[in-house]
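Shown next: model.pdb, given as PDB, C-alpha atoms.
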```pdb
ATOM      1  CA  MET A   1     -21.412  -9.639  -2.846
ATOM      2  CA  ALA A   2     -17.869  -9.446  -1.476
ATOM      3  CA  THR A   3     -16.370  -7.417   1.325
ATOM      4  CA  ILE A   4     -12.777  -6.480   0.614
ATOM      5  CA  SER A   5     -10.163  -4.545   2.558
ATOM      6  CA  LEU A   6      -8.169  -2.013   0.585
ATOM      7  CA  GLY A   7      -5.290  -0.010   1.867
ATOM      8  CA  VAL A   8      -2.461   2.369   1.288
ATOM      9  CA  VAL A   9       0.786   2.488   3.213
ATOM     10  CA  THR A  10       3.127   5.408   2.610
ATOM     11  CA  ARG A  11       6.470   6.385   4.071
ATOM     12  CA  ASP A  12       8.254   9.723   4.139
ATOM     13  CA  ALA A  13      10.977  11.498   6.097
ATOM     14  CA  THR A  14       8.337  13.645   7.829
ATOM     15  CA  ALA A  15       4.971  12.783   9.333
ATOM     16  CA  ALA A  16       3.341  15.530   7.260
ATOM     17  CA  GLY A  17       4.894  14.156   4.075
ATOM     18  CA  ALA A  18       3.761  10.580   4.772
ATOM     19  CA  LEU A  19       0.249  11.814   5.576
ATOM     20  CA  SER A  20       0.069  13.996   2.467
ATOM     21  CA  ARG A  21       1.192  11.163   0.166
ATOM     22  CA  ASN A  22      -1.268   8.767   1.811
ATOM     23  CA  SER A  23      -4.166  11.216   1.563
ATOM     24  CA  ALA A  24      -3.492  11.792  -2.147
ATOM     25  CA  ARG A  25      -3.495   8.054  -2.906
ATOM     26  CA  MET A  26      -6.614   7.418  -0.832
ATOM     27  CA  ALA A  27      -8.409  10.264  -2.605
ATOM     28  CA  ARG A  28      -7.666   8.566  -5.947
ATOM     29  CA  ILE A  29      -8.903   5.229  -4.581
ATOM     30  CA  PHE A  30     -12.167   6.801  -3.324
ATOM     31  CA  GLU A  31     -12.627   8.407  -6.748
ATOM     32  CA  VAL A  32     -12.106   5.058  -8.495
ATOM     33  CA  LEU A  33     -14.511   3.270  -6.144
ATOM     34  CA  ARG A  34     -17.222   5.891  -6.663
ATOM     35  CA  GLY A  35     -16.617   5.642 -10.419
ATOM     36  CA  ALA A  36     -17.144   1.870 -10.181
ATOM     37  CA  GLY A  37     -20.562   2.472  -8.642
ATOM     38  CA  ILE A  38     -19.599   1.725  -5.029
ATOM     39  CA  ALA A  39     -21.873   3.688  -2.692
ATOM     40  CA  GLU A  40     -20.372   5.833   0.085
ATOM     41  CA  ALA A  41     -22.314   3.698   2.581
ATOM     42  CA  ASP A  42     -20.380   0.645   1.323
ATOM     43  CA  MET A  43     -16.981   2.178   2.210
ATOM     44  CA  GLN A  44     -15.771   2.238   5.813
ATOM     45  CA  THR A  45     -12.356   3.174   7.233
ATOM     46  CA  THR A  46     -11.100   0.238   9.287
ATOM     47  CA  ARG A  47      -7.620   1.365  10.194
ATOM     48  CA  PHE A  48      -5.646   4.560  10.234
ATOM     49  CA  ASP A  49      -2.319   5.034  11.911
ATOM     50  CA  LEU A  50       0.777   7.151  11.769
ATOM     51  CA  ALA A  51       3.901   5.525  13.206
ATOM     52  CA  PRO A  52       7.591   6.321  13.342
ATOM     53  CA  VAL A  53      10.008   4.002  11.570
ATOM     54  CA  TRP A  54      12.978   3.505  13.861
ATOM     55  CA  GLN A  55      16.573   2.987  12.834
ATOM     56  CA  ASP A  56      18.180   0.659  15.348
ATOM     57  CA  ALA A  57      21.061   1.844  17.486
ATOM     58  CA  ARG A  58      24.437   0.796  16.117
ATOM     59  CA  GLU A  59      26.143  -1.925  18.071
ATOM     60  CA  GLY A  60      29.090  -0.605  20.024
ATOM     61  CA  GLY A  61      28.781   2.800  18.390
ATOM     62  CA  GLY A  62      26.828   4.394  21.160
ATOM     63  CA  ASP A  63      24.425   6.033  18.703
ATOM     64  CA  PRO A  64      20.880   5.857  20.092
ATOM     65  CA  ALA A  65      17.966   4.580  18.062
ATOM     66  CA  ARG A  66      16.398   7.367  16.039
ATOM     67  CA  ILE A  67      13.378   7.978  13.859
ATOM     68  CA  GLU A  68      14.380   7.640  10.220
ATOM     69  CA  ALA A  69      10.929   8.092   8.665
ATOM     70  CA  TYR A  70       7.189   7.991   9.294
ATOM     71  CA  ARG A  71       4.688   5.459   7.968
ATOM     72  CA  VAL A  72       0.958   6.046   7.472
ATOM     73  CA  THR A  73      -1.409   3.099   7.047
ATOM     74  CA  ASN A  74      -4.957   3.721   5.890
ATOM     75  CA  ALA A  75      -7.299   0.749   5.345
ATOM     76  CA  LEU A  76     -10.830   0.671   4.044
ATOM     77  CA  ALA A  77     -13.506  -2.070   4.003
ATOM     78  CA  VAL A  78     -15.508  -2.010   0.803
ATOM     79  CA  ILE A  79     -18.638  -3.936  -0.100
ATOM     80  CA  VAL A  80     -18.669  -4.856  -3.788
ATOM     81  CA  ARG A  81     -22.255  -5.835  -4.482
ATOM     82  CA  ASP A  82     -21.679  -6.826  -8.120
ATOM     83  CA  ILE A  83     -19.378  -9.846  -7.737
ATOM     84  CA  ASP A  84     -18.808  -9.935 -11.510
ATOM     85  CA  ALA A  85     -17.184  -6.486 -11.234
ATOM     86  CA  LEU A  86     -14.791  -7.501  -8.431
ATOM     87  CA  GLY A  87     -11.783  -8.076 -10.694
ATOM     88  CA  GLU A  88     -12.279  -4.750 -12.447
ATOM     89  CA  VAL A  89     -12.625  -2.946  -9.100
ATOM     90  CA  LEU A  90      -9.404  -4.510  -7.775
ATOM     91  CA  ASP A  91      -7.537  -3.664 -10.993
ATOM     92  CA  ALA A  92      -8.755  -0.071 -10.837
ATOM     93  CA  VAL A  93      -7.754   0.492  -7.198
ATOM     94  CA  ALA A  94      -4.362  -1.135  -7.822
ATOM     95  CA  GLU A  95      -3.773   1.300 -10.650
ATOM     96  CA  ALA A  96      -4.913   4.186  -8.410
ATOM     97  CA  GLY A  97      -2.206   3.536  -5.811
ATOM     98  CA  LEU A  98      -3.132   0.480  -3.749
ATOM     99  CA  THR A  99      -0.095  -0.757  -1.805
ATOM    100  CA  MET A 100      -1.519  -3.902  -0.236
ATOM    101  CA  GLU A 101      -2.004  -7.342  -1.754
ATOM    102  CA  VAL A 102      -5.117  -9.532  -1.825
ATOM    103  CA  ARG A 103      -5.512 -12.639   0.328
ATOM    104  CA  ILE A 104      -8.700 -14.659   0.382
ATOM    105  CA  GLU A 105      -9.444 -16.345   3.710
ATOM    106  CA  PRO A 106     -11.064 -19.804   3.957
ATOM    107  CA  ASP A 107     -14.359 -18.182   4.986
ATOM    108  CA  GLY A 108     -14.416 -16.173   1.750
ATOM    109  CA  THR A 109     -13.270 -12.917   3.345
ATOM    110  CA  ILE A 110     -10.897 -11.027   1.092
ATOM    111  CA  ARG A 111      -8.066  -9.251   2.909
ATOM    112  CA  LEU A 112      -5.239  -7.096   1.683
ATOM    113  CA  LEU A 113      -1.855  -7.348   3.331
ATOM    114  CA  PRO A 114       1.188  -5.082   3.112
ATOM    115  CA  SER A 115       3.236  -5.935   0.044
ATOM    116  CA  ALA A 116       6.909  -5.302  -0.708
ATOM    117  CA  PRO A 117       8.665  -3.116  -1.646
ATOM    118  CA  ASN A 118       6.158  -0.585  -0.320
ATOM    119  CA  PRO A 119       5.612  -0.665   2.633
ATOM    120  CA  PRO A 120       8.988  -1.388   4.168
ATOM    121  CA  HIS A 121       9.437  -4.359   6.463
ATOM    122  CA  PRO A 122       7.508  -3.741   9.667
ATOM    123  CA  ASP A 123       9.307  -2.536  12.746
ATOM    124  CA  PRO A 124       9.847  -5.593  14.952
ATOM    125  CA  ARG A 125       8.749  -3.536  17.967
ATOM    126  CA  GLU A 126       5.293  -3.049  16.457
ATOM    127  CA  PRO A 127       2.633  -5.769  16.848
ATOM    128  CA  GLU A 128       1.531  -7.484  13.673
ATOM    129  CA  ALA A 129      -1.484  -5.627  12.367
ATOM    130  CA  TRP A 130      -2.662  -8.156   9.819
TER
END
```
Now, as a test, write the supplied structure out as structure tokens.
Amino acid sequence: MATISLGVVTRDATAAGALSRNSARMARIFEVLRGAGIAEADMQTTRFDLAPVWQDAREGGGDPARIEAYRVTNALAVIVRDIDALGEVLDAVAEAGLTMEVRIEPDGTIRLLPSAPNPPHPDPREPEAW
């Protein structure tokens, strides 16, 4: 058995657009997980947030900082009970729109972290989430 964290990070010019894109990708990931035999009880949302992406004020230009886009992060903890199927499950969710990369911790916990080029570099004013 392995517990993994899966996630999708999307960005769009509007909050509604970022949310819509994220919801569509997560729906595909849920479909893939159910198709792989993962029970609903073995899927749990662990993080959901909608945040503005700020463009810094220009030095000397007097232009104030402004919102240039919105980013939605949606993370899910999943229990994969058939460890032999883990690779296939990860491949399937990656193909379905996963935008985070796998990291295995020393204690055996598998975590997924934001990967470039999507999502964009985090806003330095936001605390590290991972």
### Query
Which residue, A:Met1, A:Leu19, A:Leu6, A:Ala65, has the smallest gap to A:Ile83 when you use all atoms listed in the file?
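So, comparing all the options, the nearest one is A:Met1.
If you look at atom CA of A:Val72 and atom CA of A:Phe48, they are 7.3 Å away from each other.
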How close does each residue of stretch 12-102 of chain A get to stretch 2-5 of chain A, giving the shortest atom pair and distance in Å to one decimal for every residue with an atom at most 7 Å away, counting all atoms listed in the file, sorted by chain and residue number, as a Markdown table?
```
| residue | atom | partner | partner_atom | distance |
| --- | --- | --- | --- | --- |
| A:Ala75 | CA | A:Ser5 | CA | 6.6 |
| A:Leu76 | CA | A:Ser5 | CA | 5.5 |
| A:Ala77 | CA | A:Ser5 | CA | 4.4 |
| A:Val78 | CA | A:Ile4 | CA | 5.2 |
| A:Ile79 | CA | A:Thr3 | CA | 4.4 |
| A:Val80 | CA | A:Ala2 | CA | 5.2 |
| A:Arg81 | CA | A:Ala2 | CA | 6.4 |
| A:Ile83 | CA | A:Ala2 | CA | 6.5 |
```
### Task
Can you work out which one of A:Ala85, A:Leu98, A:Leu50, A:Val93 has the shortest atom-to-atom distance to A:Ala18, counting only C-alpha atoms?
A:Leu50
### Query
How would you write, as an NGL selection string, the residues chosen by the PyMOL selection byres ((chain A and resi 97) around 10) on this structure?
:A and (7-9 or 22 or 24-29 or 92-96 or 98-100)
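Taking all atoms listed in the file into account, A:Thr10 lies nearest to A:Ser23 out of the set A:Phe30, A:Ser23, A:Trp54, A:Ala36.
Straight-line separation from atom CA of A:Asp56 to atom CA of A:Glu68: 9.5 Å.
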